[in-house]
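Down below is the structure, laid out as structure tokens.
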Number of protein chains: 2
Amino acid sequence: MATDQRRVLELAVLGSLHETPLHGYELRKRLNALLGMFRAFSYGSLYPCLKTLLERGLIVEEHPQAVTGRSKIVYKLTAEGKERLQELLTQAGPAAWEDESFGVHFAFFRHTEAEVRLRILEGRRSRLEERLENVRAALARTRERLDSYTLELQRHGLESVEREVRWLNELIATERRASNEASDE
Amino acid sequence: MATDQRRVLELAVLGSLHETPLHGYELRKRLNALLGMFRAFSYGSLYPCLKTLLERGLIVEEHPQAVTGRSKIVYKLTAEGKERLQELLTQAGPAAWEDESFGVHFAFFRHTEAEVRLRILEGRRSRLEERLENVRAALARTRERLDSYTLELQRHGLESVEREVRWLNELIATERRASNEASDE
DNA sequence: GCGTCGATGTATCGGGCCGATACATCTTGA
DNA sequence: TCAAGATGTATCGGCCCGATACATCGACGC
């Protein structure tokens, strides 16, 4: 579905507003700072998203008229919004393994249950391994036809993804350790 | 401009057809195999692109009626198409430094002049360094507010990009060495 | 005081990408 | 002989995002 992308955006916005009410401009700054090199959201996505969240009653507008007459529109999470956020954090499906979504889910891990965290990390890893498999197979099929530049590109691409898999392995091990320690009290 | 993306697609298609005539389905397979983990093109982009290239006379259709009546449409580069390809390979501007374009340009480096190769590699590097700068600055500003998961995400993101910069440094050094060896004959 | 520059702030539009889909043929193997 | 999956051509609609417009604010120099 194309609604997968909508859900990520929704999660990102609701998750950000969970901490503290924000207006559009700062929401974008915070979100992009939070995600760093992984993702960036544009106004063209954020403002329409805020509008639909408003219509659905998940957030409310506030016009704090400061002493200076400057008009800022601050958005605040409603009770329904918090519920929806919990739902999004819990029901992380296969869509959360993808490049565009994974970073957002990860960025809100502190609000996510340990079980779901593990599911997302393992799903992401299997998604990457699947992709590695495909690319390696395609490479084996066409290696003789490729020049040294293309091979170098392929090599670097594969290495980058392998590196992310190793990173995920470490994270998964850490999660498992923490979960075991918690269980033998 | 939004035409930047068009140019990359054009380059990818013309570059692929330069080797050998292809039909849509195999063009896509070859291209995606060529780019590996870096990019993938969809039919929704490729077929419209082929149509405009056809209209502009840069490629021509061929209907090789095989013994079996199976209809395949093979596209072949024209003289104008080859000219245009050379133009695209040579006039690589700042757009070529971006994520979506760099891999495609790199994949056709064997058809690119040494001088242009160096320009693209250095441009890509400075683009990444610029981005690192921004993210590091934002991180320094907000570090205290971030939880350990987000910090780990940031750390991994930065390391990935730093790794790509080191890769570019090696490639640039190799290019320079080759270019120097060529000059003292 | 005054000009100006960059950051802050809200908002929209259109070009273009791509997932999903439809449909047809060929090959493979059970 | 039948089904499944690869090969093959093609389009459509939803949605993303760069570009843009417009306005205010703080700081700085002069």
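Residues in the structure tokens are named by chain (A, B, ... in the order shown) and by number from 1 within that chain; ligands are numbered from 1 in the order shown.
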Can you build me a table of chain A residues sitting at most 12 Å from chain C, with the closest atom pair per residue and its distance in Å to one decimal, using only C-alpha atoms (C1' of nucleotides), sorted by chain and residue number, as JSON lines?
```
{"residue": "A:Met1", "atom": "CA", "partner": "C:DG19", "partner_atom": "C1'", "distance": 7.6}
{"residue": "A:Ala2", "atom": "CA", "partner": "C:DG19", "partner_atom": "C1'", "distance": 7.4}
{"residue": "A:Thr3", "atom": "CA", "partner": "C:DG19", "partner_atom": "C1'", "distance": 11.1}
{"residue": "A:Asp4", "atom": "CA", "partner": "C:DG19", "partner_atom": "C1'", "distance": 11.2}
{"residue": "A:Gln5", "atom": "CA", "partner": "C:DG19", "partner_atom": "C1'", "distance": 11.8}
{"residue": "A:His23", "atom": "CA", "partner": "C:DG9", "partner_atom": "C1'", "distance": 8.8}
{"residue": "A:Gly24", "atom": "CA", "partner": "C:DT10", "partner_atom": "C1'", "distance": 7.9}
{"residue": "A:Tyr25", "atom": "CA", "partner": "C:DG9", "partner_atom": "C1'", "distance": 6.3}
{"residue": "A:Glu26", "atom": "CA", "partner": "C:DT8", "partner_atom": "C1'", "distance": 9.0}
{"residue": "A:Leu27", "atom": "CA", "partner": "C:DG9", "partner_atom": "C1'", "distance": 11.5}
{"residue": "A:Arg28", "atom": "CA", "partner": "C:DG9", "partner_atom": "C1'", "distance": 11.6}
{"residue": "A:Lys29", "atom": "CA", "partner": "C:DT8", "partner_atom": "C1'", "distance": 11.2}
{"residue": "A:Tyr43", "atom": "CA", "partner": "C:DA11", "partner_atom": "C1'", "distance": 8.7}
{"residue": "A:Gly44", "atom": "CA", "partner": "C:DT12", "partner_atom": "C1'", "distance": 8.1}
{"residue": "A:Ser45", "atom": "CA", "partner": "C:DT12", "partner_atom": "C1'", "distance": 11.2}
{"residue": "A:Leu46", "atom": "CA", "partner": "C:DA11", "partner_atom": "C1'", "distance": 10.8}
{"residue": "A:Tyr47", "atom": "CA", "partner": "C:DA11", "partner_atom": "C1'", "distance": 7.8}
{"residue": "A:Pro48", "atom": "CA", "partner": "C:DA11", "partner_atom": "C1'", "distance": 9.5}
{"residue": "A:Leu50", "atom": "CA", "partner": "C:DA11", "partner_atom": "C1'", "distance": 12.0}
{"residue": "A:Lys51", "atom": "CA", "partner": "C:DA11", "partner_atom": "C1'", "distance": 11.4}
{"residue": "A:Arg70", "atom": "CA", "partner": "C:DG9", "partner_atom": "C1'", "distance": 9.6}
{"residue": "A:Ser71", "atom": "CA", "partner": "C:DG9", "partner_atom": "C1'", "distance": 8.7}
{"residue": "A:Lys72", "atom": "CA", "partner": "C:DG9", "partner_atom": "C1'", "distance": 7.4}
{"residue": "A:Ile73", "atom": "CA", "partner": "C:DT10", "partner_atom": "C1'", "distance": 8.9}
{"residue": "A:Val74", "atom": "CA", "partner": "C:DG9", "partner_atom": "C1'", "distance": 11.4}
```
Contact set, chain D to chain A: 10 Å, only C-alpha atoms (C1' of nucleotides), as a PyMOL selection string: chain D and resi 14-18+24-25
Residues of chain A were defined as contacting chain B if any atom lay at most 7 Å from it, counting only C-alpha atoms; please report them as a PyMOL selection string. chain A and resi 33-34+36-38+107+109-110+135+138-139+149-150+154+157-158
Hey, can you spit out that residue selection with N, CA and C atoms as a PDB file, in the first residue's frame?
```pdb
ATOM      1  N   ALA A  33      16.682  16.801  12.872  1.00  0.00           N
ATOM      2  CA  ALA A  33      17.836  16.666  13.761  1.00  0.00           C
ATOM      3  C   ALA A  33      17.825  15.286  14.400  1.00  0.00           C
ATOM      4  N   LEU A  34      16.631  14.824  14.747  1.00  0.00           N
ATOM      5  CA  LEU A  34      16.485  13.517  15.377  1.00  0.00           C
ATOM      6  C   LEU A  34      16.947  12.399  14.455  1.00  0.00           C
ATOM      7  N   GLY A  36      18.875  12.737  11.703  1.00  0.00           N
ATOM      8  CA  GLY A  36      20.240  12.899  11.217  1.00  0.00           C
ATOM      9  C   GLY A  36      20.392  12.521   9.754  1.00  0.00           C
ATOM     10  N   MET A  37      21.292  11.592   9.471  1.00  0.00           N
ATOM     11  CA  MET A  37      21.596  11.257   8.085  1.00  0.00           C
ATOM     12  C   MET A  37      20.571  10.302   7.472  1.00  0.00           C
ATOM     13  N   PHE A  38      19.593   9.878   8.257  1.00  0.00           N
ATOM     14  CA  PHE A  38      18.715   8.820   7.783  1.00  0.00           C
ATOM     15  C   PHE A  38      17.533   9.282   6.941  1.00  0.00           C
ATOM     16  N   ALA A 107      14.163   5.652  15.998  1.00  0.00           N
ATOM     17  CA  ALA A 107      14.309   6.914  16.722  1.00  0.00           C
ATOM     18  C   ALA A 107      13.331   7.025  17.896  1.00  0.00           C
ATOM     19  N   PHE A 109      12.426   4.284  19.746  1.00  0.00           N
ATOM     20  CA  PHE A 109      12.550   3.015  20.472  1.00  0.00           C
ATOM     21  C   PHE A 109      12.348   3.165  21.980  1.00  0.00           C
ATOM     22  N   ARG A 110      12.672   4.327  22.512  1.00  0.00           N
ATOM     23  CA  ARG A 110      12.533   4.466  23.965  1.00  0.00           C
ATOM     24  C   ARG A 110      11.063   4.415  24.388  1.00  0.00           C
ATOM     25  N   VAL A 135      21.313  -9.287  -4.666  1.00  0.00           N
ATOM     26  CA  VAL A 135      22.371  -8.556  -5.353  1.00  0.00           C
ATOM     27  C   VAL A 135      23.569  -9.465  -5.603  1.00  0.00           C
ATOM     28  N   ALA A 138      22.746 -11.703  -8.536  1.00  0.00           N
ATOM     29  CA  ALA A 138      22.795 -10.956  -9.793  1.00  0.00           C
ATOM     30  C   ALA A 138      24.242 -10.677 -10.180  1.00  0.00           C
ATOM     31  N   LEU A 139      25.045 -10.387  -9.178  1.00  0.00           N
ATOM     32  CA  LEU A 139      26.455 -10.088  -9.416  1.00  0.00           C
ATOM     33  C   LEU A 139      27.181 -11.314  -9.948  1.00  0.00           C
ATOM     34  N   TYR A 149      35.258  -0.274 -12.458  1.00  0.00           N
ATOM     35  CA  TYR A 149      34.520   0.764 -11.722  1.00  0.00           C
ATOM     36  C   TYR A 149      33.216   0.208 -11.179  1.00  0.00           C
ATOM     37  N   THR A 150      32.475  -0.477 -12.029  1.00  0.00           N
ATOM     38  CA  THR A 150      31.199  -1.024 -11.586  1.00  0.00           C
ATOM     39  C   THR A 150      31.398  -2.043 -10.472  1.00  0.00           C
ATOM     40  N   GLN A 154      29.797  -1.974  -6.745  1.00  0.00           N
ATOM     41  CA  GLN A 154      29.085  -3.110  -6.165  1.00  0.00           C
ATOM     42  C   GLN A 154      29.705  -3.522  -4.840  1.00  0.00           C
ATOM     43  N   GLY A 157      28.912  -1.050  -2.145  1.00  0.00           N
ATOM     44  CA  GLY A 157      27.502  -1.143  -1.777  1.00  0.00           C
ATOM     45  C   GLY A 157      27.239  -2.348  -0.890  1.00  0.00           C
ATOM     46  N   LEU A 158      27.772  -3.487  -1.283  1.00  0.00           N
ATOM     47  CA  LEU A 158      27.584  -4.697  -0.485  1.00  0.00           C
ATOM     48  C   LEU A 158      28.198  -4.537   0.895  1.00  0.00           C
TER      49      LEU A 158
END
```
Hey, what does DSSP flag as helix (DSSP H, G or I) within chain B? Can you give it to me as a VMD selection string? chain B and resid 3 to 19 24 to 35 43 to 55 79 to 90 94 to 97 99 to 107 109 to 111 114 to 145 148 to 183
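Rounded to one decimal, atom CA of B:Ala92 and atom CA of B:His105 lie 8.3 Å from each other.
Relative to atom CA of B:Ala40, atom CA of B:Leu121 is found at 21.3 Å.
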Kindly give the distance, in Å, that separates atom CA of A:Leu11 and atom CA of A:Leu85, rounded to a single decimal. 6.5 Å
Among stretch 22-113 of chain B, which ones does DSSP assign to strand (DSSP E or B) (computed from the backbone)? Answer as an MDAnalysis selection string. chainID B and resid 22 59:62 74:77
